[in-house]
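Coordinates from run_19.csv are shown below (CSV, C-alpha atoms and all ligand atoms).
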```
chain,number,residue,atom,x,y,z
F,25,MET,CA,0.0,0.0,0.0
F,26,PHE,CA,1.5,3.3,-1.0
F,27,SER,CA,0.5,6.7,0.4
F,28,ASN,CA,-1.0,9.3,-2.0
F,29,ASP,CA,2.2,11.4,-1.5
F,30,THR,CA,4.3,8.4,-2.6
F,31,ILE,CA,2.2,7.8,-5.7
F,32,GLN,CA,2.4,11.5,-6.5
F,33,ARG,CA,6.2,11.2,-6.3
F,34,PHE,CA,6.0,8.2,-8.6
F,35,LYS,CA,4.1,10.2,-11.2
F,36,GLN,CA,6.9,12.7,-11.3
F,37,THR,CA,9.6,10.1,-11.8
F,38,GLU,CA,10.6,8.4,-15.0
F,39,THR,CA,9.7,4.7,-15.1
F,40,PRO,CA,10.7,2.0,-14.7
F,41,PHE,CA,12.5,2.2,-11.4
F,42,TYR,CA,12.9,0.3,-8.1
F,43,TYR,CA,11.3,2.0,-5.1
F,44,TYR,CA,13.0,1.3,-1.8
F,45,ASP,CA,11.2,1.8,1.5
F,46,LEU,CA,14.2,2.2,3.7
F,47,GLY,CA,12.0,2.6,6.8
F,48,LEU,CA,10.6,-0.9,6.2
F,49,LEU,CA,14.1,-2.2,5.6
F,50,ARG,CA,15.2,-0.8,9.0
F,51,ASN,CA,12.2,-2.3,10.7
F,52,THR,CA,13.0,-5.7,9.2
F,53,LEU,CA,16.7,-5.4,10.2
F,54,THR,CA,15.7,-4.4,13.8
F,55,ALA,CA,13.3,-7.4,14.0
F,56,CYS,CA,16.0,-9.8,12.7
F,57,ARG,CA,18.8,-8.4,14.9
F,58,ASP,CA,16.6,-8.4,18.1
F,59,ALA,CA,15.4,-12.0,17.4
F,60,ALA,CA,19.0,-13.2,16.8
F,61,ASP,CA,20.4,-11.4,19.8
F,62,VAL,CA,18.1,-13.4,22.1
F,63,TYR,CA,20.2,-16.5,21.3
F,64,GLY,CA,23.5,-14.8,20.6
F,65,TYR,CA,23.3,-15.8,16.9
F,66,GLN,CA,25.4,-14.0,14.3
F,67,VAL,CA,23.8,-13.0,11.0
F,68,HIS,CA,25.8,-12.5,7.8
F,69,TYR,CA,23.8,-10.7,5.1
F,70,ALA,CA,23.9,-12.7,1.8
F,71,MET,CA,24.9,-9.8,-0.3
F,72,LYS,CA,23.9,-11.5,-3.6
F,73,ALA,CA,20.3,-10.7,-2.7
F,74,ASN,CA,20.8,-7.0,-3.2
F,75,PHE,CA,23.9,-4.8,-3.3
F,76,ASN,CA,22.2,-1.5,-3.8
F,77,PRO,CA,24.5,1.0,-1.9
F,78,LYS,CA,21.7,2.3,0.4
F,79,VAL,CA,20.7,-1.2,1.3
F,80,LEU,CA,24.3,-2.2,2.0
F,81,GLN,CA,24.8,0.9,4.1
F,82,ALA,CA,21.7,0.2,6.2
F,83,ILE,CA,22.6,-3.4,6.7
F,84,GLN,CA,26.2,-2.7,7.7
F,85,SER,CA,25.0,-0.1,10.2
F,86,PHE,CA,23.0,-2.7,12.0
F,87,GLY,CA,26.2,-4.7,12.7
F,88,PHE,CA,25.5,-7.7,10.4
F,89,GLY,CA,28.3,-9.5,8.7
F,90,ALA,CA,28.6,-10.2,5.0
F,91,ASP,CA,28.2,-13.5,3.1
F,92,CYS,CA,29.9,-12.9,-0.3
F,93,VAL,CA,30.1,-15.1,-3.4
F,94,SER,CA,32.6,-13.3,-5.5
F,95,GLY,CA,35.8,-11.4,-5.2
F,96,ASN,CA,34.0,-8.2,-6.0
F,97,GLU,CA,31.4,-8.8,-3.3
F,98,VAL,CA,34.2,-9.4,-0.8
F,99,LYS,CA,35.9,-6.2,-1.9
F,100,SER,CA,32.7,-4.2,-1.8
F,101,ALA,CA,31.7,-5.6,1.6
F,102,VAL,CA,34.9,-4.3,3.1
F,103,GLU,CA,34.6,-1.0,1.3
F,104,TYR,CA,31.1,-0.6,2.8
F,105,GLY,CA,32.5,-1.1,6.3
F,106,PHE,CA,31.5,-4.7,7.0
F,107,GLY,CA,34.3,-5.8,9.4
F,108,LYS,CA,36.8,-8.1,7.8
F,109,ASP,CA,36.2,-10.4,10.8
F,110,LYS,CA,32.6,-10.7,9.7
F,111,VAL,CA,33.2,-11.4,6.0
F,112,VAL,CA,32.7,-14.9,4.6
F,113,PHE,CA,33.6,-15.9,1.1
F,114,ALA,CA,31.5,-18.7,-0.3
F,115,GLY,CA,30.9,-20.1,-3.9
F,116,VAL,CA,31.5,-23.2,-5.8
F,117,GLY,CA,33.9,-21.6,-8.3
F,118,LYS,CA,36.3,-19.2,-6.6
F,119,SER,CA,39.1,-18.2,-9.0
F,120,ASP,CA,42.7,-18.0,-7.9
F,121,ARG,CA,42.6,-14.2,-8.2
F,122,GLU,CA,39.6,-14.0,-6.0
F,123,ILE,CA,41.1,-16.3,-3.4
F,124,ASN,CA,44.3,-14.3,-3.3
F,125,ALA,CA,42.4,-11.0,-2.9
F,126,ALA,CA,40.4,-12.5,0.0
F,127,LEU,CA,43.6,-13.8,1.6
F,128,ASP,CA,45.2,-10.3,1.3
F,129,LEU,CA,42.1,-8.9,3.1
F,130,ASP,CA,42.4,-11.4,5.9
F,131,ILE,CA,38.7,-12.2,5.8
F,132,PHE,CA,37.0,-14.2,8.6
F,133,CYS,CA,36.5,-17.5,6.6
F,134,PHE,CA,36.3,-19.3,3.3
F,135,ASN,CA,33.3,-21.5,2.9
F,136,VAL,CA,34.9,-24.3,0.8
F,137,GLU,CA,32.9,-26.4,-1.6
F,138,SER,CA,35.3,-29.2,-2.8
F,139,VAL,CA,38.5,-31.1,-1.9
F,140,GLN,CA,40.2,-29.6,-4.9
F,141,GLU,CA,39.4,-26.1,-3.6
F,142,LEU,CA,41.0,-27.0,-0.3
F,143,LEU,CA,44.2,-27.8,-2.1
F,144,VAL,CA,44.1,-24.6,-4.1
F,145,ILE,CA,43.5,-22.4,-1.1
F,146,ASN,CA,46.2,-24.3,0.8
F,147,ASP,CA,48.8,-23.6,-2.0
F,148,LEU,CA,47.8,-19.9,-2.4
F,149,ALA,CA,47.8,-19.3,1.4
F,150,GLY,CA,51.2,-21.0,1.7
F,151,ALA,CA,52.7,-18.8,-1.0
F,152,LYS,CA,51.7,-15.8,1.1
F,153,GLY,CA,52.9,-17.3,4.4
F,154,LYS,CA,49.3,-17.3,5.7
F,155,LYS,CA,46.9,-19.7,7.2
F,156,ALA,CA,43.4,-19.6,5.7
F,157,LYS,CA,40.4,-20.2,8.0
F,158,LEU,CA,37.7,-22.2,6.5
F,159,ALA,CA,34.4,-23.9,7.0
F,160,ILE,CA,33.6,-26.9,4.9
F,161,ARG,CA,30.3,-26.7,3.0
F,162,ILE,CA,28.5,-30.0,3.5
F,163,ASN,CA,25.7,-31.0,1.3
F,164,PRO,CA,23.2,-32.3,3.9
F,165,ASN,CA,20.9,-34.0,1.4
F,166,VAL,CA,17.9,-32.3,3.1
F,167,ASP,CA,14.9,-31.4,1.0
F,168,ALA,CA,13.9,-27.7,1.4
F,169,HIS,CA,10.6,-28.2,-0.4
F,170,THR,CA,11.0,-25.1,-2.4
F,171,HIS,CA,11.2,-24.5,-6.2
F,172,HIS,CA,13.7,-26.9,-7.7
F,173,TYR,CA,15.7,-24.0,-9.2
F,174,ILE,CA,16.5,-22.7,-5.8
F,175,THR,CA,17.0,-26.0,-3.9
F,176,THR,CA,20.7,-26.4,-3.1
F,177,GLY,CA,21.1,-29.1,-0.4
F,178,LEU,CA,20.3,-32.3,-2.3
F,179,ASP,CA,22.9,-34.8,-3.5
F,180,GLU,CA,22.2,-33.9,-7.1
F,181,ASN,CA,23.1,-30.2,-6.6
F,182,LYS,CA,26.5,-28.8,-7.6
F,183,PHE,CA,27.0,-27.2,-4.2
F,184,GLY,CA,29.1,-28.4,-1.2
F,185,VAL,CA,30.8,-31.7,-0.4
F,186,ASN,CA,28.6,-34.7,-0.2
F,187,MET,CA,28.7,-36.6,3.1
F,188,TRP,CA,30.4,-39.7,1.6
F,189,GLN,CA,33.3,-37.5,0.5
F,190,LEU,CA,34.0,-36.2,4.0
F,191,PRO,CA,36.7,-38.8,4.9
F,192,ASP,CA,38.6,-37.5,1.9
F,193,VAL,CA,38.2,-33.9,3.3
F,194,VAL,CA,39.6,-35.0,6.6
F,195,ASP,CA,42.6,-36.7,5.0
F,196,THR,CA,43.3,-33.7,2.8
F,197,LEU,CA,43.0,-31.3,5.8
F,198,LYS,CA,45.6,-33.4,7.7
F,199,ASN,CA,48.1,-32.7,4.9
F,200,CYS,CA,47.3,-29.0,4.4
F,201,GLN,CA,49.5,-27.0,6.8
F,202,ASN,CA,48.1,-23.7,5.6
F,203,LEU,CA,44.5,-24.4,6.4
F,204,GLU,CA,42.5,-24.2,9.6
F,205,LEU,CA,39.1,-25.8,9.8
F,206,ILE,CA,37.0,-23.6,12.0
F,207,GLY,CA,33.5,-24.5,11.0
F,208,ILE,CA,30.9,-26.5,9.1
F,209,HIS,CA,28.6,-24.8,6.6
F,210,PHE,CA,25.2,-25.8,5.2
F,211,HIS,CA,22.6,-24.1,3.0
F,212,ILE,CA,19.6,-26.1,1.9
F,213,GLY,CA,17.8,-23.6,-0.4
F,214,SER,CA,16.0,-20.4,-0.6
F,215,GLN,CA,12.4,-19.1,-0.1
F,216,ILE,CA,11.7,-21.8,2.5
F,217,THR,CA,8.4,-21.2,4.3
F,218,ASP,CA,8.0,-24.5,6.0
F,219,LEU,CA,10.2,-24.4,9.1
F,220,GLU,CA,10.2,-28.2,9.3
F,221,ALA,CA,13.0,-28.2,6.7
F,222,PHE,CA,15.2,-26.3,9.1
F,223,LYS,CA,14.5,-28.9,11.9
F,224,SER,CA,15.8,-31.6,9.5
F,225,LEU,CA,18.8,-29.4,8.8
F,226,CYS,CA,19.5,-29.1,12.6
F,227,VAL,CA,19.5,-32.9,12.9
F,228,ARG,CA,22.1,-33.2,10.2
F,229,VAL,CA,24.3,-30.4,11.5
F,230,ASN,CA,24.3,-32.1,14.9
F,231,GLU,CA,25.5,-35.4,13.4
F,232,MET,CA,28.2,-33.7,11.3
F,233,SER,CA,29.4,-31.6,14.2
F,234,VAL,CA,29.9,-34.8,16.3
F,235,TRP,CA,31.5,-36.5,13.3
F,236,PHE,CA,34.2,-33.9,13.0
F,237,GLU,CA,34.8,-33.6,16.7
F,238,GLU,CA,35.3,-37.4,16.9
F,239,ARG,CA,38.0,-36.9,14.3
F,240,GLY,CA,39.8,-34.4,16.4
F,241,PHE,CA,38.6,-31.1,14.9
F,242,ASN,CA,37.4,-28.2,17.1
F,243,ILE,CA,34.3,-26.9,15.3
F,244,LYS,CA,33.9,-23.3,16.5
F,245,VAL,CA,31.3,-22.2,13.9
F,246,LEU,CA,28.1,-23.9,12.9
F,247,ASN,CA,27.0,-22.0,9.8
F,248,VAL,CA,23.5,-23.0,8.9
F,249,GLY,CA,23.1,-20.8,5.8
F,250,GLY,CA,20.1,-18.8,4.9
F,251,GLY,CA,16.9,-19.5,3.1
F,252,LEU,CA,14.1,-18.1,5.2
F,253,GLY,CA,11.2,-17.2,2.9
F,254,VAL,CA,8.9,-14.2,2.8
F,255,ASN,CA,5.2,-13.8,2.0
F,256,TYR,CA,5.0,-12.7,-1.7
F,257,TYR,CA,1.2,-12.7,-1.4
F,258,LYS,CA,0.8,-10.2,1.4
F,259,PRO,CA,3.4,-7.4,0.9
F,260,ASP,CA,1.4,-5.0,3.0
F,261,THR,CA,0.1,-7.1,5.9
F,262,ASP,CA,2.8,-9.7,6.4
F,263,ASN,CA,5.9,-7.9,5.3
F,264,ILE,CA,8.4,-8.8,8.1
F,265,ALA,CA,9.4,-12.4,8.3
F,266,ASP,CA,8.8,-14.3,11.6
F,267,PHE,CA,12.4,-14.2,12.7
F,268,ASN,CA,11.5,-15.2,16.2
F,269,ALA,CA,10.0,-18.5,15.0
F,270,TYR,CA,12.9,-19.1,12.7
F,271,PHE,CA,15.6,-18.7,15.2
F,272,LYS,CA,13.6,-20.6,17.8
F,273,VAL,CA,13.8,-23.7,15.6
F,274,PHE,CA,17.6,-23.6,15.8
F,275,ASN,CA,17.5,-22.9,19.5
F,276,ASP,CA,15.2,-25.9,20.0
F,277,PHE,CA,16.9,-28.4,17.7
F,278,LEU,CA,20.6,-27.4,17.3
F,279,THR,CA,23.1,-28.8,19.8
F,280,VAL,CA,25.5,-26.0,20.5
F,281,LYS,CA,28.6,-26.7,22.7
F,282,PRO,CA,30.0,-24.0,25.0
F,283,GLY,CA,32.2,-21.6,22.9
F,284,GLN,CA,30.5,-22.6,19.6
F,285,GLU,CA,29.0,-19.8,17.5
F,286,VAL,CA,26.0,-20.2,15.3
F,287,HIS,CA,26.1,-18.2,12.0
F,288,PHE,CA,23.3,-17.5,9.6
F,289,GLU,CA,23.4,-16.2,6.0
F,290,LEU,CA,20.1,-14.4,5.3
F,291,GLY,CA,19.4,-12.6,2.1
F,292,ARG,CA,15.8,-12.6,0.9
F,293,ALA,CA,14.2,-12.3,4.3
F,294,LEU,CA,16.1,-9.1,5.0
F,295,VAL,CA,15.5,-7.2,1.8
F,296,ALA,CA,12.6,-8.7,-0.3
F,297,GLN,CA,9.7,-6.7,1.0
F,298,CYS,CA,11.4,-3.3,1.1
F,299,ALA,CA,11.3,-2.7,-2.7
F,300,SER,CA,8.8,-2.7,-5.5
F,301,LEU,CA,9.4,-2.3,-9.2
F,302,ILE,CA,7.4,0.6,-10.5
F,303,ALA,CA,6.5,0.6,-14.2
F,304,SER,CA,4.1,2.3,-16.6
F,305,VAL,CA,1.6,0.8,-18.9
F,306,LEU,CA,2.8,1.6,-22.4
F,307,TYR,CA,0.0,-0.1,-24.4
F,308,VAL,CA,-3.2,-2.0,-23.7
F,309,LYS,CA,-3.7,-4.7,-26.4
F,310,ASN,CA,-7.2,-6.1,-26.4
F,311,GLY,CA,-7.3,-9.4,-28.4
F,312,LEU,CA,-10.0,-11.8,-29.1
F,313,LYS,CA,-8.8,-14.3,-26.4
F,314,LYS,CA,-6.5,-12.2,-24.3
F,315,ASN,CA,-5.9,-8.7,-23.1
F,316,PHE,CA,-2.3,-7.6,-22.7
F,317,LEU,CA,-0.9,-4.9,-20.6
F,318,VAL,CA,2.5,-4.0,-22.1
F,319,LEU,CA,4.7,-2.4,-19.5
F,320,ASP,CA,7.9,-0.4,-19.8
F,321,ALA,CA,9.6,-2.9,-17.5
F,322,GLY,CA,10.2,-6.6,-18.2
F,323,MET,CA,12.6,-9.4,-17.6
F,324,THR,CA,15.5,-7.0,-17.9
F,325,GLU,CA,14.4,-5.3,-14.7
F,326,LEU,CA,12.9,-8.2,-12.8
F,327,ILE,CA,13.6,-11.7,-14.1
F,328,ARG,CA,12.2,-13.8,-11.3
F,329,PRO,CA,8.8,-14.5,-12.8
F,330,MET,CA,10.3,-15.5,-16.1
F,331,LEU,CA,13.1,-17.6,-14.6
F,332,TYR,CA,11.4,-19.3,-11.7
F,333,GLN,CA,7.7,-18.8,-12.4
F,334,ALA,CA,7.9,-16.7,-9.2
F,335,TYR,CA,4.8,-14.9,-8.0
F,336,HIS,CA,4.9,-11.2,-7.4
F,337,GLN,CA,1.8,-9.2,-6.5
F,338,ILE,CA,0.9,-6.8,-9.3
F,339,GLU,CA,-1.1,-3.6,-8.6
F,340,ASN,CA,-2.4,-0.7,-10.7
F,341,LEU,CA,-1.6,2.4,-8.6
F,342,THR,CA,-3.6,4.8,-10.8
F,343,GLN,CA,-7.0,3.2,-11.0
F,344,ASP,CA,-9.4,2.4,-8.2
F,345,ALA,CA,-8.5,-1.0,-6.9
F,346,LYS,CA,-12.2,-1.7,-6.1
F,347,ALA,CA,-13.3,-1.3,-9.7
F,348,GLU,CA,-14.7,-4.3,-11.6
F,349,PRO,CA,-11.6,-6.4,-12.5
F,350,VAL,CA,-10.4,-7.3,-16.0
F,351,LYS,CA,-8.0,-10.1,-16.7
F,352,TYR,CA,-4.7,-9.1,-18.3
F,353,ASP,CA,-1.5,-10.9,-19.3
F,354,VAL,CA,1.0,-8.4,-17.8
F,355,VAL,CA,4.0,-8.4,-20.2
F,356,GLY,CA,7.3,-6.5,-20.7
F,357,PRO,CA,8.7,-5.0,-23.9
F,358,ILE,CA,11.5,-7.5,-24.4
F,359,CYS,CA,11.6,-9.6,-27.6
F,360,GLU,CA,11.0,-12.9,-25.9
F,361,SER,CA,7.7,-14.7,-25.4
F,362,THR,CA,8.7,-15.5,-21.8
F,363,ASP,CA,8.8,-11.8,-21.0
F,364,CYS,CA,5.6,-12.1,-19.0
F,365,PHE,CA,5.2,-11.1,-15.3
F,366,ARG,CA,2.0,-13.2,-15.1
F,367,LYS,CA,-1.0,-14.3,-17.1
F,368,ASP,CA,-4.6,-13.6,-16.3
F,369,VAL,CA,-3.9,-11.0,-13.6
F,370,GLU,CA,-7.1,-9.4,-12.3
F,371,LEU,CA,-6.7,-5.6,-12.3
F,372,PRO,CA,-9.1,-2.7,-12.7
F,373,GLU,CA,-9.5,-1.6,-16.3
F,374,SER,CA,-6.1,-0.2,-17.1
F,375,PHE,CA,-4.9,2.5,-19.6
F,376,ARG,CA,-1.8,3.8,-21.2
F,377,GLY,CA,0.2,5.8,-18.6
F,378,ASP,CA,-1.1,4.0,-15.5
F,379,LEU,CA,1.4,3.2,-12.9
F,380,ILE,CA,2.0,-0.5,-12.1
F,381,ALA,CA,3.7,-1.8,-9.0
F,382,VAL,CA,5.3,-5.2,-8.9
F,383,ARG,CA,5.8,-5.9,-5.2
F,384,THR,CA,8.3,-7.8,-3.0
F,385,ALA,CA,11.1,-7.1,-5.5
F,386,GLY,CA,13.9,-6.2,-3.1
F,387,ALA,CA,15.6,-9.6,-3.2
F,388,TYR,CA,17.2,-10.9,-6.4
F,389,GLY,CA,15.5,-8.1,-8.3
F,390,GLU,CA,17.7,-5.1,-9.1
F,391,VAL,CA,20.8,-7.3,-8.8
F,392,MET,CA,19.6,-9.6,-11.5
F,393,ALA,CA,18.8,-6.9,-14.0
F,394,SER,CA,20.5,-7.0,-17.3
F,395,HIS,CA,21.1,-4.9,-20.4
F,396,TYR,CA,19.5,-7.4,-22.8
F,397,ASN,CA,18.1,-5.6,-25.8
F,398,LEU,CA,20.5,-2.8,-24.9
F,399,ARG,CA,18.1,-1.6,-22.2
F,400,ASP,CA,19.0,1.3,-19.9
F,401,GLN,CA,20.2,0.5,-16.4
F,402,VAL,CA,17.2,0.5,-14.1
F,403,GLN,CA,17.1,3.4,-11.7
F,404,SER,CA,16.2,3.5,-8.0
F,405,VAL,CA,14.4,5.9,-5.8
F,406,TYR,CA,14.2,5.8,-2.0
F,407,SER,CA,12.0,6.9,0.9
F,408,GLU,CA,13.7,7.4,4.2
F,501,LIG,N1,23.9,-18.9,1.6
F,501,LIG,C1,24.1,-19.5,0.4
F,501,LIG,C2,25.2,-20.5,0.4
F,501,LIG,C3,23.3,-19.3,-0.7
F,501,LIG,O1,23.6,-19.9,-1.8
F,501,LIG,C4,22.3,-18.4,-0.6
F,501,LIG,C5,21.4,-18.1,-1.7
F,501,LIG,C6,22.1,-17.7,0.6
F,501,LIG,C7,22.9,-18.0,1.7
F,501,LIG,C8,20.9,-16.7,0.8
F,501,LIG,O2,19.7,-17.3,0.7
F,501,LIG,P1,18.4,-16.5,1.0
F,501,LIG,O3,18.4,-16.2,2.5
F,501,LIG,O4,18.3,-15.3,0.2
F,501,LIG,O5,17.3,-17.4,0.6
F,501,LIG,N2,17.8,-15.8,-7.4
F,501,LIG,C9,17.0,-16.8,-6.7
F,501,LIG,C10,17.5,-17.1,-5.3
F,501,LIG,C11,18.9,-17.7,-5.4
F,501,LIG,C12,19.5,-18.0,-4.0
F,501,LIG,C13,20.9,-18.3,-4.1
F,501,LIG,N3,21.6,-18.6,-2.9
F,501,LIG,C14,15.6,-16.1,-6.5
F,501,LIG,O6,15.4,-15.1,-7.0
F,501,LIG,O7,14.7,-16.7,-5.9
```

Represent the structure contained in this file as structure tokens.
Ligand code: LLP
Amino acid sequence: MFSNDTIQRFKQTETPFYYYDLGLLRNTLTACRDAADVYGYQVHYAMKANFNPKVLQAIQSFGFGADCVSGNEVKSAVEYGFGKDKVVFAGVGKSDREINAALDLDIFCFNVESVQELLVINDLAGAKGKKAKLAIRINPNVDAHTHHYITTGLDENKFGVNMWQLPDVVDTLKNCQNLELIGIHFHIGSQITDLEAFKSLCVRVNEMSVWFEERGFNIKVLNVGGGLGVNYYKPDTDNIADFNAYFKVFNDFLTVKPGQEVHFELGRALVAQCASLIASVLYVKNGLKKNFLVLDAGMTELIRPMLYQAYHQIENLTQDAKAEPVKYDVVGPICESTDCFRKDVELPESFRGDLIAVRTAGAYGEVMASHYNLRDQVQSVYSE
């Protein structure tokens, strides 16, 4: 729900653009931090979800760490003031250049995804006379019951080390003088709304923690990843995820030894609800079988609906929401048939120039924008 003043502001701004409600972002961050503090949990922000400068500044100012998946994200996190002792570098394909840069910055930890990567980091750290701290990413084979494109913790996924490969990891670590195993890392997928999946994860983390301890490793960090989902259907009334319930699952089911830290890597749940994509209707095409609303934004600005069949609420901000609805296929201007936000969307009768909001677009929205069709870079506007 946007205030009349906000809609007036939209009318004076060239579309398409991302609108960020920084007040809602701060309320979300407060809720998350307060809920995590109850248990002394550390949250690293999964920067891939959104690295808009204002978003990063806000998140850094709340004391969160940064979960990075490229050398540039590591560099950027440090530049934005995330403490080096709170920067984690994950990713299945870290290049030598990226590893070297992260070693130079003395980041907190590498989340390592294969035996081969262990050997590479060991060599590169050795060449610098350093010891690299790492957590091994274990593929827990836990089903997150989310869209198969964003499930990551099953044996068939490319991420992490499968459990049957762990003896190999232990043997390798014993021969790598320049590595220090400080933790175990897991991530089962994204947009998880059924907290049961996290209970199953806890059971697996407990098993793995014991397994490593039995082999003489001191596991200081249990990193359980991210994945908490948000309500894409209720961006006005349910726009802050239930962080209390989420962290409570870990408190109830995770075995934490004295001195052990529990780390989280949340992306979507922190930033999804604070932004909407605002577009204009360029053309209304009434066909025999279908009516199309052609917007000035498409898959180049927000690709989630086209890539994952993701649902985003779509609203006409110009017409009276209570008017008799008409069904439209809401499409973008890109030369691809898949460039459709959704089919058969019920909206009030709509006209050229109407403002359209695509809600809950703060996570994996602006960051996944592209220049396909040589489109302009999408702009952002903010409310404090
Ligand atoms: N940690 C790891 C190792 C990850 O791979 C991810 C997300 C996260 C943390 C953060 O997950 P979150 O809390 O945001 O669910 N582009 C897709 C989502 C891709 C998620 C990639 N990994 C989408 O738009 O739905």

Neighbour residues at most 9 Å from (30.9, -0.4, 8.1) (all atoms listed in the file) as an mmCIF file with C-alpha atoms, in the coordinates of the input:
```cif
data_model
loop_
_atom_site.group_PDB
_atom_site.id
_atom_site.type_symbol
_atom_site.label_atom_id
_atom_site.label_comp_id
_atom_site.auth_asym_id
_atom_site.auth_seq_id
_atom_site.Cartn_x
_atom_site.Cartn_y
_atom_site.Cartn_z
ATOM 1 C CA GLN F 81 24.800 0.900 4.100
ATOM 2 C CA ILE F 83 22.600 -3.400 6.700
ATOM 3 C CA GLN F 84 26.200 -2.700 7.700
ATOM 4 C CA SER F 85 25.000 -0.100 10.200
ATOM 5 C CA GLY F 87 26.200 -4.700 12.700
ATOM 6 C CA ALA F 101 31.700 -5.600 1.600
ATOM 7 C CA VAL F 102 34.900 -4.300 3.100
ATOM 8 C CA GLU F 103 34.600 -1.000 1.300
ATOM 9 C CA TYR F 104 31.100 -0.600 2.800
ATOM 10 C CA GLY F 105 32.500 -1.100 6.300
ATOM 11 C CA PHE F 106 31.500 -4.700 7.000
ATOM 12 C CA GLY F 107 34.300 -5.800 9.400
#
```

Which residues come within 12 Å of Lys108 of chain F, counting all atoms listed in the file, excluding same-chain residues fewer than 2 positions away, as a list in words? His68, Gln84, Phe88, Gly89, Ala90, Asp91, Cys92, Val98, Lys99, Ser100, Ala101, Val102, Glu103, Tyr104, Gly105, Phe106, Lys110, Val111, Val112, Phe113, Ala126, Leu127, Asp128, Leu129, Asp130, Ile131, Phe132 and Cys133 of chain F

Residues from last step as file, C-alpha atoms, as an mmCIF file, keeping the file's coordinate frame:
```cif
data_model
loop_
_atom_site.group_PDB
_atom_site.id
_atom_site.type_symbol
_atom_site.label_atom_id
_atom_site.label_comp_id
_atom_site.auth_asym_id
_atom_site.auth_seq_id
_atom_site.Cartn_x
_atom_site.Cartn_y
_atom_site.Cartn_z
ATOM 1 C CA HIS F 68 25.800 -12.500 7.800
ATOM 2 C CA GLN F 84 26.200 -2.700 7.700
ATOM 3 C CA PHE F 88 25.500 -7.700 10.400
ATOM 4 C CA GLY F 89 28.300 -9.500 8.700
ATOM 5 C CA ALA F 90 28.600 -10.200 5.000
ATOM 6 C CA ASP F 91 28.200 -13.500 3.100
ATOM 7 C CA CYS F 92 29.900 -12.900 -0.300
ATOM 8 C CA VAL F 98 34.200 -9.400 -0.800
ATOM 9 C CA LYS F 99 35.900 -6.200 -1.900
ATOM 10 C CA SER F 100 32.700 -4.200 -1.800
ATOM 11 C CA ALA F 101 31.700 -5.600 1.600
ATOM 12 C CA VAL F 102 34.900 -4.300 3.100
ATOM 13 C CA GLU F 103 34.600 -1.000 1.300
ATOM 14 C CA TYR F 104 31.100 -0.600 2.800
ATOM 15 C CA GLY F 105 32.500 -1.100 6.300
ATOM 16 C CA PHE F 106 31.500 -4.700 7.000
ATOM 17 C CA LYS F 110 32.600 -10.700 9.700
ATOM 18 C CA VAL F 111 33.200 -11.400 6.000
ATOM 19 C CA VAL F 112 32.700 -14.900 4.600
ATOM 20 C CA PHE F 113 33.600 -15.900 1.100
ATOM 21 C CA ALA F 126 40.400 -12.500 0.000
ATOM 22 C CA LEU F 127 43.600 -13.800 1.600
ATOM 23 C CA ASP F 128 45.200 -10.300 1.300
ATOM 24 C CA LEU F 129 42.100 -8.900 3.100
ATOM 25 C CA ASP F 130 42.400 -11.400 5.900
ATOM 26 C CA ILE F 131 38.700 -12.200 5.800
ATOM 27 C CA PHE F 132 37.000 -14.200 8.600
ATOM 28 C CA CYS F 133 36.500 -17.500 6.600
#
```

Please list as a ChimeraX atom specification every residue within 8 Å of segment 339-356 of chain F, counting only C-alpha atoms and excluding residues in the same chain fewer than 4 positions away. /F:31,314-323,363-374,378-382

Expressed in Å, the length from atom CA of Phe34 of chain F to atom CA of Ala303 of chain F is 9.5 Å

Separation of atom CA of Glu325 of chain F from atom CA of Lys313 of chain F in Å: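 Separating atom CA of Lys313 of chain F from atom CA of Glu325 of chain F is a distance of 27.5 Å.
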
Just want the residues within 8 Å of ligand LIG 501 (chain F), written as an MDAnalysis selection string, counting only C-alpha atoms and all ligand atoms. chainID F and resid 69:70 72:73 91 114:115 173:174 176 210:211 213:216 249:253 288:294 328 332 334 387:389 392

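Among the candidate residues F:Leu225, F:Val286, F:Val308, F:Cys298, the one lying nearest to Val67 of chain F is F:Val286, with distances computed using only C-alpha atoms.
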
Around segment 271-289 of chain F, with edges along x, y and z and 5 Å added on all six sides, what centre and edge lengths do you get, in Å to one decimal, as JSON?
```
{"center_x": 22.9, "center_y": -22.5, "center_z": 15.5, "size_x": 28.6, "size_y": 22.6, "size_z": 29.0}
```

Across F:Val144, F:Pro357, F:Ala296, F:Asp109, the smallest distance to Ile264 of chain F, with only C-alpha atoms counted, is shown by F:Ala296

Distance cut-off 8 Å, centre (17.4, 1.1, -13.5) in file coordinates, counting all atoms listed in the file: which residues qualify? Return them as an mmCIF file with C-alpha atoms, in the coordinates of the input.
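Result file is part_39.cif:
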```
data_model
loop_
_atom_site.group_PDB
_atom_site.id
_atom_site.type_symbol
_atom_site.label_atom_id
_atom_site.label_comp_id
_atom_site.auth_asym_id
_atom_site.auth_seq_id
_atom_site.Cartn_x
_atom_site.Cartn_y
_atom_site.Cartn_z
ATOM 1 C CA PRO F 40 10.700 2.000 -14.700
ATOM 2 C CA PHE F 41 12.500 2.200 -11.400
ATOM 3 C CA TYR F 42 12.900 0.300 -8.100
ATOM 4 C CA GLU F 325 14.400 -5.300 -14.700
ATOM 5 C CA GLU F 390 17.700 -5.100 -9.100
ATOM 6 C CA ASP F 400 19.000 1.300 -19.900
ATOM 7 C CA GLN F 401 20.200 0.500 -16.400
ATOM 8 C CA VAL F 402 17.200 0.500 -14.100
ATOM 9 C CA GLN F 403 17.100 3.400 -11.700
ATOM 10 C CA SER F 404 16.200 3.500 -8.000
#
```
